[in-house]
file query.tsv (TSV, C-alpha atoms)
chain	number	residue	atom	x	y	z
A	122	MET	CA	64.69	9.89	18.44
A	123	TYR	CA	61.73	10.12	20.83
A	124	GLN	CA	59.42	9.83	17.82
A	125	LEU	CA	60.75	6.29	17.27
A	126	LEU	CA	58.93	5.36	20.48
A	127	GLY	CA	55.86	7.43	19.71
A	128	ILE	CA	56.68	10.02	22.37
A	129	SER	CA	55.54	13.55	21.57
A	130	GLU	CA	57.55	16.73	22.07
A	131	LYS	CA	54.93	17.92	24.56
A	132	VAL	CA	55.53	14.92	26.83
A	133	VAL	CA	59.32	15.21	26.55
A	134	GLU	CA	59.16	18.86	27.60
A	135	LEU	CA	56.85	18.05	30.53
A	136	VAL	CA	59.04	15.25	31.86
A	137	ASN	CA	62.30	17.20	31.43
A	138	ARG	CA	60.80	20.17	33.25
A	139	CYS	CA	59.69	17.95	36.14
A	140	GLU	CA	63.10	16.27	36.23
A	141	LYS	CA	64.72	19.58	37.17
A	142	ASP	CA	62.40	19.81	40.20
A	143	CYS	CA	63.83	16.52	41.50
A	144	GLU	CA	67.54	17.43	41.55
A	145	GLU	CA	67.87	17.60	45.36
A	146	GLN	CA	66.09	14.25	45.84
A	147	PHE	CA	68.33	12.66	43.19
A	148	ARG	CA	71.43	13.96	45.01
A	149	GLN	CA	70.32	12.29	48.25
A	150	ILE	CA	69.70	9.03	46.40
A	151	ASP	CA	73.21	9.13	44.96
A	152	GLU	CA	74.66	9.53	48.47
A	153	ALA	CA	72.76	6.47	49.75
A	154	CYS	CA	73.82	4.52	46.65
A	155	GLU	CA	77.49	5.25	47.32
A	156	TYR	CA	77.15	4.22	50.99
A	157	ASN	CA	75.45	0.93	50.11
A	158	SER	CA	78.00	0.27	47.36
A	159	LEU	CA	80.75	0.64	49.96
A	160	LYS	CA	79.02	-1.96	52.17
A	161	VAL	CA	78.75	-4.43	49.31
A	162	LEU	CA	82.31	-3.99	48.04
A	163	ALA	CA	83.76	-4.22	51.56
A	164	SER	CA	81.93	-7.52	52.05
A	165	PHE	CA	83.18	-8.86	48.70
A	166	HIS	CA	86.72	-8.12	49.85
A	167	LYS	CA	86.18	-9.51	53.35
A	168	ASN	CA	84.81	-12.77	51.98
A	169	LYS	CA	87.49	-13.06	49.29
A	170	VAL	CA	85.10	-13.51	46.38
A	171	SER	CA	86.89	-15.30	43.55
A	172	GLU	CA	86.07	-17.07	40.32
A	173	ALA	CA	85.82	-20.31	42.29
A	174	CYS	CA	82.64	-18.92	43.87
A	175	PHE	CA	80.95	-19.08	40.44
A	176	ASN	CA	81.18	-22.88	40.39
A	177	SER	CA	77.97	-24.89	40.50
A	178	THR	CA	76.72	-27.87	42.46
A	179	THR	CA	74.03	-30.40	41.56
A	180	GLY	CA	72.17	-33.13	43.41
A	181	TYR	CA	72.33	-32.55	47.15
A	182	GLY	CA	74.60	-29.52	46.79
A	183	TYR	CA	77.07	-30.37	49.52
A	184	ASN	CA	80.08	-28.09	50.17
A	185	ASP	CA	79.03	-25.26	47.85
A	186	LEU	CA	81.67	-22.52	48.32
A	187	GLY	CA	79.76	-19.94	46.29
A	188	ARG	CA	76.52	-20.51	48.20
A	189	GLU	CA	78.29	-20.04	51.55
A	190	THR	CA	80.05	-16.90	50.30
A	191	ILE	CA	76.78	-15.39	49.05
A	192	GLU	CA	75.13	-16.00	52.41
A	193	ASN	CA	78.05	-14.40	54.23
A	194	ILE	CA	77.77	-11.34	51.98
A	195	PHE	CA	74.04	-10.97	52.60
A	196	LYS	CA	74.70	-11.38	56.33
A	197	ASP	CA	77.25	-8.55	56.24
A	198	VAL	CA	75.23	-6.20	54.05
A	199	LEU	CA	72.05	-6.64	56.09
A	200	GLY	CA	73.85	-6.43	59.44
A	201	ALA	CA	72.64	-9.87	60.56
A	202	GLU	CA	74.15	-12.80	62.47
A	203	ASP	CA	73.24	-15.18	59.67
A	204	ALA	CA	71.46	-15.40	56.32
A	205	LEU	CA	69.80	-18.04	54.15
A	206	VAL	CA	69.91	-17.10	50.45
A	207	ARG	CA	68.49	-19.76	48.13
A	208	SER	CA	67.11	-20.23	44.64
A	209	GLN	CA	64.82	-22.86	46.17
A	210	PHE	CA	62.68	-19.97	47.43
A	211	ILE	CA	60.14	-19.35	44.66
A	212	SER	CA	59.30	-15.83	45.78
A	213	GLY	CA	59.29	-13.44	48.70
A	214	SER	CA	55.89	-14.82	49.73
A	215	HIS	CA	57.37	-18.33	49.75
A	216	ALA	CA	60.26	-17.18	51.97
A	217	LEU	CA	57.77	-15.52	54.34
A	218	THR	CA	55.77	-18.75	54.44
A	219	VAL	CA	58.86	-20.81	55.27
A	220	CYS	CA	59.70	-18.35	58.02
A	221	PHE	CA	56.19	-18.51	59.52
A	222	PHE	CA	56.11	-22.30	59.55
A	223	ALA	CA	59.66	-22.45	60.94
A	224	LEU	CA	58.98	-20.14	63.88
A	225	LEU	CA	55.38	-20.96	64.80
A	226	ARG	CA	53.93	-24.09	66.44
A	227	PRO	CA	50.34	-25.22	67.16
A	228	GLY	CA	48.86	-22.95	69.84
A	229	ASP	CA	51.25	-20.06	69.09
A	230	THR	CA	50.01	-16.59	68.17
A	231	LEU	CA	51.08	-14.58	65.13
A	232	LEU	CA	50.32	-10.86	65.43
A	233	SER	CA	50.47	-8.44	62.52
A	234	ILE	CA	50.80	-4.87	63.78
A	235	CYS	CA	50.33	-3.06	60.49
A	236	GLY	CA	46.95	-4.41	59.47
A	237	LYS	CA	46.34	-7.26	57.04
A	238	PRO	CA	49.47	-8.46	55.25
A	239	TYR	CA	49.87	-8.69	51.48
A	240	ASP	CA	47.15	-10.54	49.56
A	241	THR	CA	49.31	-13.59	48.74
A	242	LEU	CA	49.55	-14.40	52.47
A	243	ASP	CA	45.78	-14.64	53.02
A	244	GLU	CA	45.70	-18.40	52.43
A	245	VAL	CA	49.07	-18.93	54.12
A	246	ILE	CA	47.79	-17.44	57.37
A	247	GLY	CA	44.22	-18.71	57.04
A	248	ILE	CA	42.49	-15.35	56.60
A	249	LYS	CA	41.09	-17.10	53.55
A	250	GLU	CA	40.39	-20.78	54.21
A	251	ASN	CA	43.01	-23.25	53.06
A	252	LYS	CA	43.66	-26.75	54.41
A	253	SER	CA	47.42	-26.08	54.46
A	254	SER	CA	47.27	-22.71	56.25
A	255	LEU	CA	48.80	-21.79	59.60
A	256	LYS	CA	45.26	-21.72	60.96
A	257	SER	CA	44.73	-25.36	59.94
A	258	PHE	CA	47.77	-26.26	62.08
A	259	GLY	CA	46.34	-24.49	65.12
A	260	VAL	CA	48.31	-21.24	64.88
A	261	HIS	CA	46.28	-18.25	66.04
A	262	TYR	CA	46.35	-14.99	64.09
A	263	ASP	CA	45.41	-11.48	65.09
A	264	GLN	CA	46.10	-8.02	63.71
A	265	ILE	CA	46.26	-4.43	64.85
A	266	ASP	CA	45.68	-1.75	62.24
A	267	LEU	CA	47.84	1.31	61.76
A	268	VAL	CA	46.57	4.69	62.95
A	269	GLU	CA	47.27	7.59	60.63
A	270	ASP	CA	50.07	5.65	58.92
A	271	ASP	CA	51.85	4.85	62.18
A	272	PHE	CA	51.73	2.00	64.67
A	273	ASP	CA	49.02	1.97	67.32
A	274	TYR	CA	51.60	1.84	70.10
A	275	GLU	CA	49.23	1.76	73.09
A	276	THR	CA	47.06	-1.02	71.63
A	277	ILE	CA	50.16	-3.04	70.72
A	278	LYS	CA	51.61	-2.70	74.23
A	279	GLU	CA	48.31	-3.69	75.83
A	280	TYR	CA	47.98	-6.72	73.53
A	281	ILE	CA	51.53	-7.92	74.26
A	282	ARG	CA	50.95	-7.57	78.01
A	283	ASN	CA	47.73	-9.60	77.93
A	284	HIS	CA	48.53	-12.27	75.32
A	285	LYS	CA	51.38	-14.70	74.78
A	286	VAL	CA	52.59	-13.66	71.34
A	287	LYS	CA	55.25	-15.78	69.61
A	288	VAL	CA	55.84	-13.74	66.43
A	289	VAL	CA	55.07	-10.13	65.54
A	290	GLU	CA	54.97	-9.51	61.79
A	291	ILE	CA	55.70	-6.10	60.26
A	292	GLN	CA	55.27	-5.49	56.55
A	293	ARG	CA	57.21	-2.35	55.68
A	294	SER	CA	55.95	-1.86	52.14
A	295	LYS	CA	52.29	-0.96	51.63
A	296	GLY	CA	51.37	-3.92	49.43
A	297	TYR	CA	48.00	-3.25	47.78
A	298	SER	CA	46.77	-1.11	50.67
A	299	THR	CA	46.30	2.68	50.68
A	300	ARG	CA	48.59	3.27	53.67
A	301	LYS	CA	52.09	4.69	53.57
A	302	SER	CA	55.10	2.39	53.69
A	303	LEU	CA	56.86	2.24	57.04
A	304	SER	CA	60.12	4.05	57.69
A	305	LEU	CA	63.01	2.47	59.55
A	306	ASP	CA	62.56	4.98	62.39
A	307	LYS	CA	58.95	3.89	62.96
A	308	VAL	CA	59.93	0.21	62.82
A	309	GLY	CA	62.70	0.77	65.36
A	310	LYS	CA	60.40	2.67	67.71
A	311	VAL	CA	57.73	-0.06	67.77
A	312	ILE	CA	60.29	-2.85	68.18
A	313	LYS	CA	61.69	-1.07	71.23
A	314	CYS	CA	58.17	-0.86	72.70
A	315	ILE	CA	57.58	-4.58	72.14
A	316	LYS	CA	60.93	-5.71	73.54
A	317	GLU	CA	60.50	-3.61	76.69
A	318	ILE	CA	57.37	-5.63	77.49
A	319	ASP	CA	58.46	-9.08	76.30
A	320	ASN	CA	61.97	-9.57	74.98
A	321	ASN	CA	61.11	-13.13	73.88
A	322	VAL	CA	58.72	-11.99	71.16
A	323	ILE	CA	60.23	-12.66	67.73
A	324	VAL	CA	59.89	-9.60	65.50
A	325	MET	CA	59.82	-10.58	61.83
A	326	VAL	CA	59.98	-7.86	59.17
A	327	ASP	CA	58.87	-8.27	55.58
A	328	ASN	CA	61.54	-6.10	53.97
A	329	CYS	CA	60.50	-6.56	50.33
A	330	TYR	CA	60.96	-3.43	48.16
A	331	CYS	CA	62.85	-1.65	50.98
A	332	GLU	CA	66.47	-2.86	50.82
A	333	PHE	CA	69.09	-0.19	50.02
A	334	VAL	CA	66.47	2.59	49.90
A	335	SER	CA	68.34	4.14	52.83
A	336	SER	CA	71.63	3.38	54.56
A	337	GLY	CA	70.12	1.07	57.20
A	338	GLU	CA	68.11	-2.15	57.41
A	339	PRO	CA	65.64	-3.44	60.07
A	340	ILE	CA	68.20	-5.64	61.86
A	341	SER	CA	69.99	-2.45	62.93
A	342	VAL	CA	66.86	-1.25	64.77
A	343	GLY	CA	66.16	-4.50	66.60
A	344	ALA	CA	64.38	-6.86	64.18
A	345	ASP	CA	65.07	-10.54	64.87
A	346	VAL	CA	64.55	-11.75	61.32
A	347	ILE	CA	63.92	-10.08	57.95
A	348	VAL	CA	62.74	-11.50	54.64
A	349	GLY	CA	63.00	-10.32	51.03
A	350	SER	CA	62.85	-11.42	47.41
A	351	LEU	CA	65.73	-11.56	44.94
A	352	ILE	CA	63.56	-10.51	41.99
A	353	LYS	CA	63.20	-7.26	43.86
A	354	ASN	CA	65.91	-4.97	45.24
A	355	LEU	CA	68.82	-7.19	46.25
A	356	GLY	CA	68.75	-9.30	43.08
A	357	GLY	CA	69.76	-6.21	41.09
A	358	GLY	CA	67.69	-7.33	38.11
A	359	ILE	CA	70.17	-10.16	37.47
A	360	ALA	CA	69.08	-12.87	39.90
A	361	PRO	CA	66.58	-15.05	38.00
A	362	ASN	CA	64.71	-16.11	41.15
A	363	GLY	CA	65.19	-16.72	44.86
A	364	ALA	CA	64.83	-14.94	48.18
A	365	TYR	CA	66.61	-14.46	51.48
A	366	ILE	CA	65.92	-14.74	55.20
A	367	ALA	CA	68.41	-12.99	57.50
A	368	GLY	CA	68.66	-12.45	61.24
A	369	ARG	CA	69.49	-14.33	64.42
A	370	HIS	CA	71.49	-17.50	63.85
A	371	ASP	CA	69.10	-19.76	65.78
A	372	LEU	CA	66.10	-18.53	63.78
A	373	ILE	CA	67.91	-18.93	60.45
A	374	GLU	CA	68.75	-22.52	61.37
A	375	LEU	CA	65.04	-23.22	61.97
A	376	CYS	CA	64.17	-21.65	58.61
A	377	ALA	CA	66.82	-23.73	56.83
A	378	GLU	CA	65.41	-26.95	58.27
A	379	ARG	CA	61.91	-25.94	57.21
A	380	LEU	CA	63.06	-25.11	53.67
A	381	THR	CA	64.88	-28.44	53.24
A	382	LEU	CA	64.54	-31.03	56.03
A	383	PRO	CA	65.43	-31.46	59.71
A	384	GLY	CA	68.94	-32.71	60.19
A	385	GLU	CA	70.23	-31.40	56.85
A	386	GLY	CA	69.04	-27.81	56.81
A	387	ARG	CA	71.37	-25.39	55.04
A	388	GLU	CA	73.95	-28.07	54.18
A	389	VAL	CA	71.92	-29.08	51.12
A	390	GLY	CA	70.50	-27.19	48.19
A	391	PRO	CA	72.25	-27.29	44.80
A	392	THR	CA	72.98	-23.93	43.18
A	393	LEU	CA	72.72	-25.22	39.59
A	394	GLY	CA	74.87	-22.45	38.12
A	395	ILE	CA	73.14	-19.49	39.79
A	396	ASN	CA	75.99	-18.27	42.03
A	397	LYS	CA	77.50	-15.83	39.55
A	398	GLN	CA	74.10	-14.21	38.91
A	399	LEU	CA	73.38	-13.81	42.62
A	400	LEU	CA	76.80	-12.26	43.20
A	401	GLN	CA	76.39	-9.90	40.26
A	402	GLY	CA	72.90	-9.07	41.45
A	403	ILE	CA	73.91	-7.95	44.95
A	404	TYR	CA	76.89	-6.12	43.41
A	405	PHE	CA	74.66	-4.08	41.07
A	406	ALA	CA	71.80	-3.71	43.57
A	407	PRO	CA	72.75	-0.30	45.05
A	408	GLY	CA	72.77	1.32	41.60
A	409	VAL	CA	69.63	-0.45	40.42
A	410	VAL	CA	67.70	0.56	43.55
A	411	ALA	CA	68.90	4.14	43.02
A	412	SER	CA	67.58	4.04	39.44
A	413	SER	CA	64.26	2.68	40.68
A	414	LEU	CA	63.97	5.45	43.26
A	415	LYS	CA	64.74	8.15	40.73
A	416	THR	CA	62.14	6.73	38.37
A	417	ALA	CA	59.56	6.67	41.18
A	418	ILE	CA	60.31	10.26	42.21
A	419	LEU	CA	60.09	11.54	38.64
A	420	THR	CA	56.82	9.65	38.16
A	421	SER	CA	55.42	11.22	41.33
A	422	ARG	CA	56.31	14.73	40.18
A	423	VAL	CA	54.99	14.32	36.62
A	424	LEU	CA	51.66	12.79	37.67
A	425	GLU	CA	51.27	15.43	40.37
A	426	VAL	CA	51.73	18.17	37.77
A	427	LEU	CA	49.12	16.45	35.61
A	428	GLY	CA	46.65	16.71	38.49
A	429	TYR	CA	46.64	13.17	39.87
A	430	GLU	CA	46.89	12.23	43.53
A	431	VAL	CA	50.21	10.51	44.27
A	432	GLU	CA	51.77	8.82	47.30
A	433	PRO	CA	54.46	9.51	48.24
A	434	THR	CA	54.98	12.98	46.79
A	435	TYR	CA	58.30	13.58	45.09
A	436	LYS	CA	59.70	15.48	48.10
A	437	GLU	CA	58.79	12.91	50.76
A	438	THR	CA	61.37	10.60	52.33
A	439	ARG	CA	60.84	7.08	51.00
A	440	ALA	CA	60.80	3.70	52.71
A	441	ASP	CA	60.55	1.59	49.53
A	442	ILE	CA	60.73	1.79	45.73
A	443	VAL	CA	56.94	1.74	45.20
A	444	GLN	CA	55.09	4.73	43.76
A	445	ASN	CA	51.30	5.00	44.03
A	446	ILE	CA	49.16	6.88	41.52
A	447	ILE	CA	45.54	7.11	42.64
A	448	PHE	CA	43.49	7.24	39.44
A	449	LYS	CA	39.99	6.73	40.92
A	450	ASP	CA	39.06	5.39	37.49
A	451	PRO	CA	39.54	1.77	36.31
A	452	ASN	CA	40.08	2.82	32.69
A	453	LYS	CA	42.89	5.23	33.54
A	454	LEU	CA	44.57	2.58	35.71
A	455	LEU	CA	44.35	0.15	32.82
A	456	GLU	CA	45.68	2.61	30.22
A	457	PHE	CA	48.61	3.77	32.36
A	458	THR	CA	49.59	0.16	32.99
A	459	ARG	CA	49.36	-0.55	29.27
A	460	GLY	CA	51.65	2.40	28.64
A	461	ILE	CA	54.28	0.99	31.00
A	462	GLN	CA	54.06	-2.34	29.15
A	463	GLU	CA	54.53	-0.56	25.81
A	464	GLY	CA	57.58	1.20	27.23
A	465	SER	CA	59.18	-2.06	28.40
A	466	ALA	CA	61.95	-4.01	26.72
A	467	ILE	CA	60.18	-7.38	26.57
A	468	ASP	CA	56.68	-8.02	25.16
A	469	SER	CA	56.14	-4.33	24.45
A	470	ASN	CA	53.51	-5.32	21.90
A	471	ALA	CA	51.42	-7.19	24.49
A	472	VAL	CA	48.10	-5.61	25.50
A	473	VAL	CA	47.65	-5.74	29.27
A	474	GLU	CA	44.32	-7.01	30.64
A	475	ALA	CA	43.09	-7.53	34.20
A	476	TRP	CA	42.94	-11.21	35.18
A	477	ASP	CA	42.50	-13.59	38.11
A	478	MET	CA	46.06	-14.04	39.33
A	479	PRO	CA	46.75	-16.93	41.75
A	480	GLY	CA	46.78	-15.74	45.35
A	481	TYR	CA	44.77	-12.56	44.82
A	482	THR	CA	41.12	-11.83	45.69
A	483	ASP	CA	40.47	-9.16	43.02
A	484	LYS	CA	41.40	-9.17	39.36
A	485	VAL	CA	44.88	-7.69	38.93
A	486	VAL	CA	46.26	-5.65	36.05
A	487	MET	CA	50.02	-6.00	35.66
A	488	ALA	CA	52.65	-4.63	33.30
A	489	SER	CA	55.94	-6.48	33.56
A	490	GLY	CA	57.84	-6.45	30.30
A	491	SER	CA	60.81	-7.90	32.12
A	492	PHE	CA	63.72	-10.24	31.47
A	493	THR	CA	62.72	-12.22	34.58
A	494	GLN	CA	59.06	-13.16	34.92
A	495	GLY	CA	57.37	-11.05	37.59
A	496	SER	CA	60.52	-9.11	38.44
A	497	SER	CA	59.52	-6.01	40.40
A	498	ILE	CA	62.96	-4.40	40.30
A	499	GLU	CA	62.63	-4.09	36.55
A	500	LEU	CA	60.18	-1.41	35.41
A	501	SER	CA	56.73	-2.70	36.31
A	502	CYS	CA	53.30	-1.46	37.27
A	503	ASP	CA	50.35	-3.33	38.73
A	504	GLY	CA	47.25	-2.93	40.83
A	505	PRO	CA	44.00	-4.61	41.86
A	506	MET	CA	40.88	-3.64	39.95
A	507	ARG	CA	39.16	-2.20	43.01
A	508	ALA	CA	38.47	1.34	44.21
A	509	PRO	CA	40.26	3.72	44.43
A	510	TYR	CA	42.06	2.15	41.43
A	511	ILE	CA	45.69	2.67	42.40
A	512	ALA	CA	48.64	1.97	40.13
A	513	TYR	CA	51.60	0.57	42.08
A	514	MET	CA	54.66	1.36	40.00
A	515	GLN	CA	58.17	0.21	40.87
A	516	GLY	CA	61.56	-0.63	39.50
A	517	SER	CA	63.77	0.20	36.52
A	518	LEU	CA	67.17	-1.30	35.89
A	519	THR	CA	68.46	2.08	34.74
A	520	TYR	CA	67.04	5.54	35.19
A	521	PRO	CA	66.97	6.41	31.44
A	522	TYR	CA	64.84	3.33	30.71
A	523	GLY	CA	62.55	4.25	33.58
A	524	LYS	CA	62.18	7.76	32.25
A	525	LEU	CA	61.33	6.48	28.78
A	526	GLY	CA	58.80	4.02	30.18
A	527	LEU	CA	57.14	6.84	32.10
A	528	MET	CA	56.94	8.93	28.93
A	529	LYS	CA	55.15	6.10	27.12
A	530	ALA	CA	52.67	5.76	29.97
A	531	ILE	CA	51.99	9.51	29.97
A	532	GLU	CA	51.37	9.41	26.22
A	533	LYS	CA	48.86	6.62	26.80
A	534	ILE	CA	46.72	8.44	29.37
A	535	ILE	CA	46.90	11.75	27.46
A	536	GLU	CA	45.87	9.92	24.28
A	537	LYS	CA	42.78	8.56	26.04

call {"tool": "encode", "arguments": {"input": "query.tsv", "output": "structure tokens"}}
result
Amino acid sequence: MYQLLGISEKVVELVNRCEKDCEEQFRQIDEACEYNSLKVLASFHKNKVSEACFNSTTGYGYNDLGRETIENIFKDVLGAEDALVRSQFISGSHALTVCFFALLRPGDTLLSICGKPYDTLDEVIGIKENKSSLKSFGVHYDQIDLVEDDFDYETIKEYIRNHKVKVVEIQRSKGYSTRKSLSLDKVGKVIKCIKEIDNNVIVMVDNCYCEFVSSGEPISVGADVIVGSLIKNLGGGIAPNGAYIAGRHDLIELCAERLTLPGEGREVGPTLGINKQLLQGIYFAPGVVASSLKTAILTSRVLEVLGYEVEPTYKETRADIVQNIIFKDPNKLLEFTRGIQEGSAIDSNAVVEAWDMPGYTDKVVMASGSFTQGSSIELSCDGPMRAPYIAYMQGSLTYPYGKLGLMKAIEKIIEK
């Protein structure tokens, strides 16, 4: 049967051998999956989810029972006071932008404490000039880089003491950087340091790619507000678009009025038939994230055996679903990405090429043969065409499909 996909016996034997090395890591993932499934199911019962929640609203979207139920479920699952979950968010970057503009005013300071945020926020912040950026509205921005993949605690404390900071931004996942993603323990430790100096600082965490990877979320370690995309972890591969913002009630109210308009806020926003998909998405999310993690761990082990540098290694504790493979060669990055595309369900015949994607400085190569355009929780692989030529692989709706996609990618780089 593997021959139907052009997968050789040699590759099958390699991957199956590596799979046995990952048994203990897989067991731990299954435990976290069961815990997160319990959280989701308990919230479904608490909020009395019924078929009536699947109903749709149009126009202004007043009195949408399903929308309110979904937001209560996200609030429960993420351990927050409140949550805003809307299809009107185009992406995680859009939700982050709404959050920035909701919380910051002219003269305020935004401080990133894990270096430069993800590329798509460059023009939002004003790192790259844009007439609609935070900078153009008089919001100041500064950043403190990580030190050896951890926060520079002393520099952060000194900065907070000497500057009036309104919002501290923490991006847990590595984005297109070479650093490690940030564990919940590290996030909790730095939040405690910040709050001891100035409890009024709003700590905002970009939680994309990180939900359900462990049993906790950033709200439980002191974050004031967290943001994530629904075409990543919590959409379960079913949500067709959207994002969430969760946290303190007063901050969520500000975000709602920035997303829609002052005075109406969260009371408007038609769901247009999406409620059932969002409910199914969060319901399936624990299992889908588990499949993604298993795919990432197997990928790490196989590429390590083949002699490539990987981060994290298959034995390391993970903060997100992203797996880095450092190829140090643009052609190998391109071929591996093409292999993932060939192993995908949709557009498997497409030949991946690097191109100038909106919001990115470098050309980006991206494989995303997905049911939802750009969905990172489905098997995907991408990376900027810049040294050291890293493939950022993530997702897989089921582990068997992830394993098969990996086999196709291995065939591709061996072939070349």

call {"tool": "closest_residue", "arguments": {"input": "query.tsv", "among": "A:Ala471, A:Leu255, A:Leu380, A:Ile248", "to": "Arg207 (chain A)", "atoms": "only C-alpha atoms"}}
result
A:Leu380

call {"tool": "closest_residue", "arguments": {"input": "query.tsv", "among": "A:Val389, A:Ser421, A:Glu145, A:Asn354", "to": "Thr179 (chain A)", "atoms": "all atoms listed in the file"}}
result
A:Val389

call {"tool": "residues_near_point", "arguments": {"input": "query.tsv", "point": "(77.1, -16.0, 53.4)", "cutoff": "12 Å", "atoms": "all atoms listed in the file", "output": "NGL selection string"}}
result
:A and (164-165 or 167-170 or 174 or 185-207 or 365-367 or 370 or 373 or 387 or 396 or 399-400)

call {"tool": "residues_around", "arguments": {"input": "query.tsv", "residues": "Lys256 (chain A)", "least_positions_apart": "3", "cutoff": "7 Å", "atoms": "only C-alpha atoms", "output": "list of chain:residue names"}}
result
A:Ile246, A:Gly247, A:Gly259, A:Val260, A:His261

call {"tool": "closest_residue", "arguments": {"input": "query.tsv", "among": "A:Gly343, A:Tyr330, A:Ser304, A:Thr299", "to": "Glu437 (chain A)", "atoms": "all atoms listed in the file"}}
result
A:Ser304

call {"tool": "atom_distance", "arguments": {"input": "query.tsv", "atom1": "CA of Ser335 (chain A)", "atom2": "CA of Ala488 (chain A)"}}
result
26.5 Å

call {"tool": "residues_around", "arguments": {"input": "query.tsv", "residues": "Ser208 (chain A)", "least_positions_apart": "2", "cutoff": "8 Å", "atoms": "only C-alpha atoms", "output": "list in words"}}
result
Val206, Phe210, Ile211, Asn362, Gly363, Ala364, Thr392 and Ile395 of chain A

call {"tool": "atom_distance", "arguments": {"input": "query.tsv", "atom1": "CA of Arg439 (chain A)", "atom2": "CA of Leu414 (chain A)"}}
result
8.5 Å

call {"tool": "residues_around", "arguments": {"input": "query.tsv", "residues": "Val311 (chain A)", "least_positions_apart": "2", "cutoff": "9 Å", "atoms": "all atoms listed in the file", "output": "JSON, numbers by chain"}}
result
{"A": [272, 273, 274, 277, 306, 307, 308, 309, 313, 314, 315, 316]}

call {"tool": "atom_distance", "arguments": {"input": "query.tsv", "atom1": "CA of Gly460 (chain A)", "atom2": "CA of Leu135 (chain A)"}}
result
16.6 Å

call {"tool": "closest_residue", "arguments": {"input": "query.tsv", "among": "A:His166, A:Lys353, A:Lys524, A:Lys484", "to": "Asp240 (chain A)", "atoms": "only C-alpha atoms"}}
result
A:Lys484

call {"tool": "closest_atom_pairs", "arguments": {"input": "query.tsv", "of": "region 396-465 of chain A", "to": "region 493-512 of chain A", "cutoff": "10 Å", "atoms": "only C-alpha atoms", "output": "tab-separated table"}}
result
residue	atom	partner	partner_atom	distance
A:Ala406	CA	A:Ile498	CA	9.5
A:Val409	CA	A:Ile498	CA	7.8
A:Val410	CA	A:Ile498	CA	7.6
A:Ser412	CA	A:Ile498	CA	9.7
A:Ser413	CA	A:Ile498	CA	7.2
A:Thr416	CA	A:Leu500	CA	8.9
A:Ala417	CA	A:Leu500	CA	9.9
A:Glu430	CA	A:Ile511	CA	9.7
A:Val431	CA	A:Ile511	CA	9.2
A:Glu432	CA	A:Ile511	CA	9.9
A:Ile442	CA	A:Ile498	CA	8.5
A:Val443	CA	A:Cys502	CA	9.3
A:Gln444	CA	A:Ala512	CA	7.9
A:Asn445	CA	A:Ala512	CA	5.6
A:Ile446	CA	A:Ala512	CA	5.1
A:Ile447	CA	A:Ile511	CA	4.4
A:Phe448	CA	A:Tyr510	CA	5.6
A:Lys449	CA	A:Pro509	CA	4.6
A:Asp450	CA	A:Tyr510	CA	5.9
A:Pro451	CA	A:Tyr510	CA	5.7
A:Asn452	CA	A:Tyr510	CA	9.0
A:Lys453	CA	A:Tyr510	CA	8.5
A:Leu454	CA	A:Ala512	CA	6.0
A:Leu455	CA	A:Ala512	CA	8.7
A:Phe457	CA	A:Ala512	CA	8.0
A:Thr458	CA	A:Cys502	CA	5.9
A:Arg459	CA	A:Cys502	CA	9.0
A:Gly460	CA	A:Cys502	CA	9.6
A:Ile461	CA	A:Cys502	CA	6.8
A:Gln462	CA	A:Ser501	CA	7.7
A:Gly464	CA	A:Leu500	CA	9.0
A:Ser465	CA	A:Leu500	CA	7.1

call {"tool": "closest_residue", "arguments": {"input": "query.tsv", "among": "A:Val161, A:Cys154, A:Ile418, A:Val324", "to": "Val288 (chain A)", "atoms": "all atoms listed in the file"}}
result
A:Val324

call {"tool": "closest_residue", "arguments": {"input": "query.tsv", "among": "A:Lys160, A:Lys301, A:His215, A:Lys285", "to": "Leu232 (chain A)", "atoms": "all atoms listed in the file"}}
result
A:Lys285

call {"tool": "closest_atom_pairs", "arguments": {"input": "query.tsv", "of": "region 146-242 of chain A", "to": "region 346-352 of chain A", "cutoff": "7 Å", "atoms": "all atoms listed in the file", "output": "CSV"}}
result
residue,atom,partner,partner_atom,distance
A:Ser212,CA,A:Ser350,CA,5.9
A:Gly213,CA,A:Ser350,CA,4.3
A:Ala216,CA,A:Val348,CA,6.7
A:Leu217,CA,A:Val348,CA,6.4

call {"tool": "residues_around", "arguments": {"input": "query.tsv", "residues": "Tyr181 (chain A)", "least_positions_apart": "2", "cutoff": "12 Å", "atoms": "all atoms listed in the file", "output": "list in words"}}
result
Ser177, Thr178, Thr179, Tyr183, Asn184, Asp185, Thr381, Leu382, Glu385, Gly386, Arg387, Glu388, Val389, Gly390, Pro391, Thr392 and Leu393 of chain A

call {"tool": "write_last_selection", "arguments": {"input": "query.tsv", "atoms": "C-alpha atoms", "output": "compact mmCIF listing (two decimals), in the frame of the given file"}}
result
# COMPACT_ATOMS: atom_id res chain seq x y z
CA SER A 177 77.97 -24.89 40.50
CA THR A 178 76.72 -27.87 42.46
CA THR A 179 74.03 -30.40 41.56
CA TYR A 183 77.07 -30.37 49.52
CA ASN A 184 80.08 -28.09 50.17
CA ASP A 185 79.03 -25.26 47.85
CA THR A 381 64.88 -28.44 53.24
CA LEU A 382 64.54 -31.03 56.03
CA GLU A 385 70.23 -31.40 56.85
CA GLY A 386 69.04 -27.81 56.81
CA ARG A 387 71.37 -25.39 55.04
CA GLU A 388 73.95 -28.07 54.18
CA VAL A 389 71.92 -29.08 51.12
CA GLY A 390 70.50 -27.19 48.19
CA PRO A 391 72.25 -27.29 44.80
CA THR A 392 72.98 -23.93 43.18
CA LEU A 393 72.72 -25.22 39.59
